Structures are given as structure tokens and as C-alpha cells.
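A quick write-up on the structure given underneath.
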Amino acid sequence: VIVNSPQFKTAFEFAVTVGDEVLVEQKAGPQSPFLFYGVLYSVASALGSGEASAAAVGDVAKVELDLLASNDFYSQRNYLEEQGKAVTVANLRSVPDHCPLVGSVSKTGLGSSAAMTTSFVACLLKVFDNADDTERVHRVSQVAHSVAQGKIGRGL
């Protein structure tokens, strides 16, 4: 599984082995427990659902996704300052969609890791077993996000 993140100018790569258990190894990119557990639990869910077999999941030789986040999840102050623009509502609205992030960027606290994990899991479940089950997407995402974060959501 390859995940490209043009906004962060990086890529992540995960190798998946399906046998008696599902094994995931991160091969490239900075550590991301949200992506790691998203891969692990999505593959395990696809296999456990009865909709996909280990052979079918193994037949998916390569999954490549582009991860793009709304500009609203990250502070765009550095981008505007680099452009010589003041931080105003009008200038924020002019920032190109999925703008590459400049320097150290603050999250806005709008649940970007949960949103990313859920979107990522939904894509993987669609690829591995053509799942459109929103309840399963929610449950797998919740488990992956909780394990990655070490708790059940912010403040719990």
C-alpha cells in the first residue's frame, strides 16, 4: 500500500503479508500509526467479513492512494506570509485547494487525524472487498484511530 501526501511532500509505503495472521510492515516514509493501523485493520476486516479471501486480498498487488486534506484542517499562515500576504479571510479563501504545507504547520484541532483515518479506511475497504458498509467503515476507523492515538477520541 502506497500513500502519497503531496501536501506534506512525502510518501508512505506498507507491505502486507496475509497468512495465519495479517502482518503490516512500514517500508518508507515517516512513522504514521494512523496509516499503519488503518492498513492493518482494513485488511483484517476485509478478510473477517467473508467478502474477501486471503487470495483475493493477495491478488491486489498494489494499492496507491493520494492523501489530500482540506486547507481548513491546517493553518495556512506560513503560506500566506511566504506569498507576502496578510492573514485575512479573503486571502485564506484564495489559497489553492490542497495547498502544499510550508514549514511547521499547526493543526486546527478539527479532528484531522480521525477524518484522514476514516477516509483512508473507507478507500481500503472499497479496494479489498468492495465494501460500502458505513457502519463497518466507522467501526474499523474507530478501532484504528483509537489504537493509533492510544485513547478513544480527544480528551477521553
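Letters A, B, ... mark the chains of the C-alpha cells in the order given; residue numbers begin at 1 per chain; ligand numbers begin at 1, in order shown.
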
List the spatial neighbours of Ser45 (chain A) as an NGL selection string - criterion: any atom at most 9 Å away, only C-alpha atoms, same-chain residues fewer than 6 positions off excluded. :A and (125 or 136 or 140)

Name all residues at most 12 Å from Val89 (chain A) (count only C-alpha atoms; drop same-chain ones fewer than 6 positions away) and give them as a PDB file with all heavy atoms, in the first residue's frame.
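Printed below is around28.pdb as written:
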```pdb
ATOM      1  N   ASP A  72      -8.675  23.721   5.381  1.00  0.00           N
ATOM      2  CA  ASP A  72      -9.251  24.125   6.661  1.00  0.00           C
ATOM      3  C   ASP A  72      -8.708  23.326   7.839  1.00  0.00           C
ATOM      4  O   ASP A  72      -8.841  23.751   8.986  1.00  0.00           O
ATOM      5  CB  ASP A  72     -10.777  23.996   6.630  1.00  0.00           C
ATOM      6  CG  ASP A  72     -11.406  24.963   5.644  1.00  0.00           C
ATOM      7  OD1 ASP A  72     -10.761  25.977   5.305  1.00  0.00           O
ATOM      8  OD2 ASP A  72     -12.535  24.700   5.210  1.00  0.00           O
ATOM      9  N   GLN A  76      -2.805  28.039   7.428  1.00  0.00           N
ATOM     10  CA  GLN A  76      -2.196  28.472   6.164  1.00  0.00           C
ATOM     11  C   GLN A  76      -1.388  29.759   6.347  1.00  0.00           C
ATOM     12  O   GLN A  76      -1.006  30.408   5.378  1.00  0.00           O
ATOM     13  CB  GLN A  76      -3.286  28.661   5.098  1.00  0.00           C
ATOM     14  CG  GLN A  76      -4.060  27.398   4.793  1.00  0.00           C
ATOM     15  CD  GLN A  76      -3.186  26.284   4.249  1.00  0.00           C
ATOM     16  OE1 GLN A  76      -2.211  26.531   3.545  1.00  0.00           O
ATOM     17  NE2 GLN A  76      -3.524  25.047   4.578  1.00  0.00           N
ATOM     18  N   ARG A  77      -1.119  30.125   7.589  1.00  0.00           N
ATOM     19  CA  ARG A  77      -0.381  31.356   7.893  1.00  0.00           C
ATOM     20  C   ARG A  77       0.975  31.391   7.180  1.00  0.00           C
ATOM     21  O   ARG A  77       1.336  32.386   6.556  1.00  0.00           O
ATOM     22  CB  ARG A  77      -0.188  31.480   9.406  1.00  0.00           C
ATOM     23  CG  ARG A  77       0.641  32.694   9.819  1.00  0.00           C
ATOM     24  CD  ARG A  77       0.795  32.789  11.325  1.00  0.00           C
ATOM     25  NE  ARG A  77      -0.487  32.888  11.999  1.00  0.00           N
ATOM     26  CZ  ARG A  77      -1.168  34.022  12.167  1.00  0.00           C
ATOM     27  NH1 ARG A  77      -0.671  35.147  11.704  1.00  0.00           N
ATOM     28  NH2 ARG A  77      -2.316  34.018  12.791  1.00  0.00           N
ATOM     29  N   LEU A  80       0.644  32.082   3.413  1.00  0.00           N
ATOM     30  CA  LEU A  80       0.303  33.478   3.114  1.00  0.00           C
ATOM     31  C   LEU A  80       1.489  34.398   3.370  1.00  0.00           C
ATOM     32  O   LEU A  80       1.774  35.289   2.561  1.00  0.00           O
ATOM     33  CB  LEU A  80      -0.908  33.922   3.938  1.00  0.00           C
ATOM     34  CG  LEU A  80      -2.230  33.261   3.555  1.00  0.00           C
ATOM     35  CD1 LEU A  80      -3.325  33.667   4.532  1.00  0.00           C
ATOM     36  CD2 LEU A  80      -2.625  33.595   2.120  1.00  0.00           C
ATOM     37  N   VAL A  95      -6.290  30.711  -1.087  1.00  0.00           N
ATOM     38  CA  VAL A  95      -5.267  29.657  -1.043  1.00  0.00           C
ATOM     39  C   VAL A  95      -5.738  28.506  -1.932  1.00  0.00           C
ATOM     40  O   VAL A  95      -6.873  28.045  -1.810  1.00  0.00           O
ATOM     41  CB  VAL A  95      -5.041  29.175   0.410  1.00  0.00           C
ATOM     42  CG1 VAL A  95      -4.089  27.987   0.441  1.00  0.00           C
ATOM     43  CG2 VAL A  95      -4.507  30.314   1.269  1.00  0.00           C
TER      44      VAL A  95
END
```

Using Å and a single decimal, report how far CA of Pro6 (chain A) sits from CA of Ser94 (chain A).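 According to the coordinates, CA of Ser94 (chain A) and CA of Pro6 (chain A) are separated by 18.9 Å.
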
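Here the question is which of A:Ala122, A:Ser104, A:Phe128, A:Gln149 gets nearest to Asn78 (chain A) using only C-alpha atoms, and that residue is A:Ser104.
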
Those of chain A in DSSP helix (DSSP H, G or I), formatted as an MDAnalysis selection string: chainID A and resid 33:48 54:59 71:73 77:82 89:93 112:129 134:149

For CA of Ser70 (chain A) and CA of Asp97 (chain A), the interatomic separation in Å (one decimal): 7.0 Å
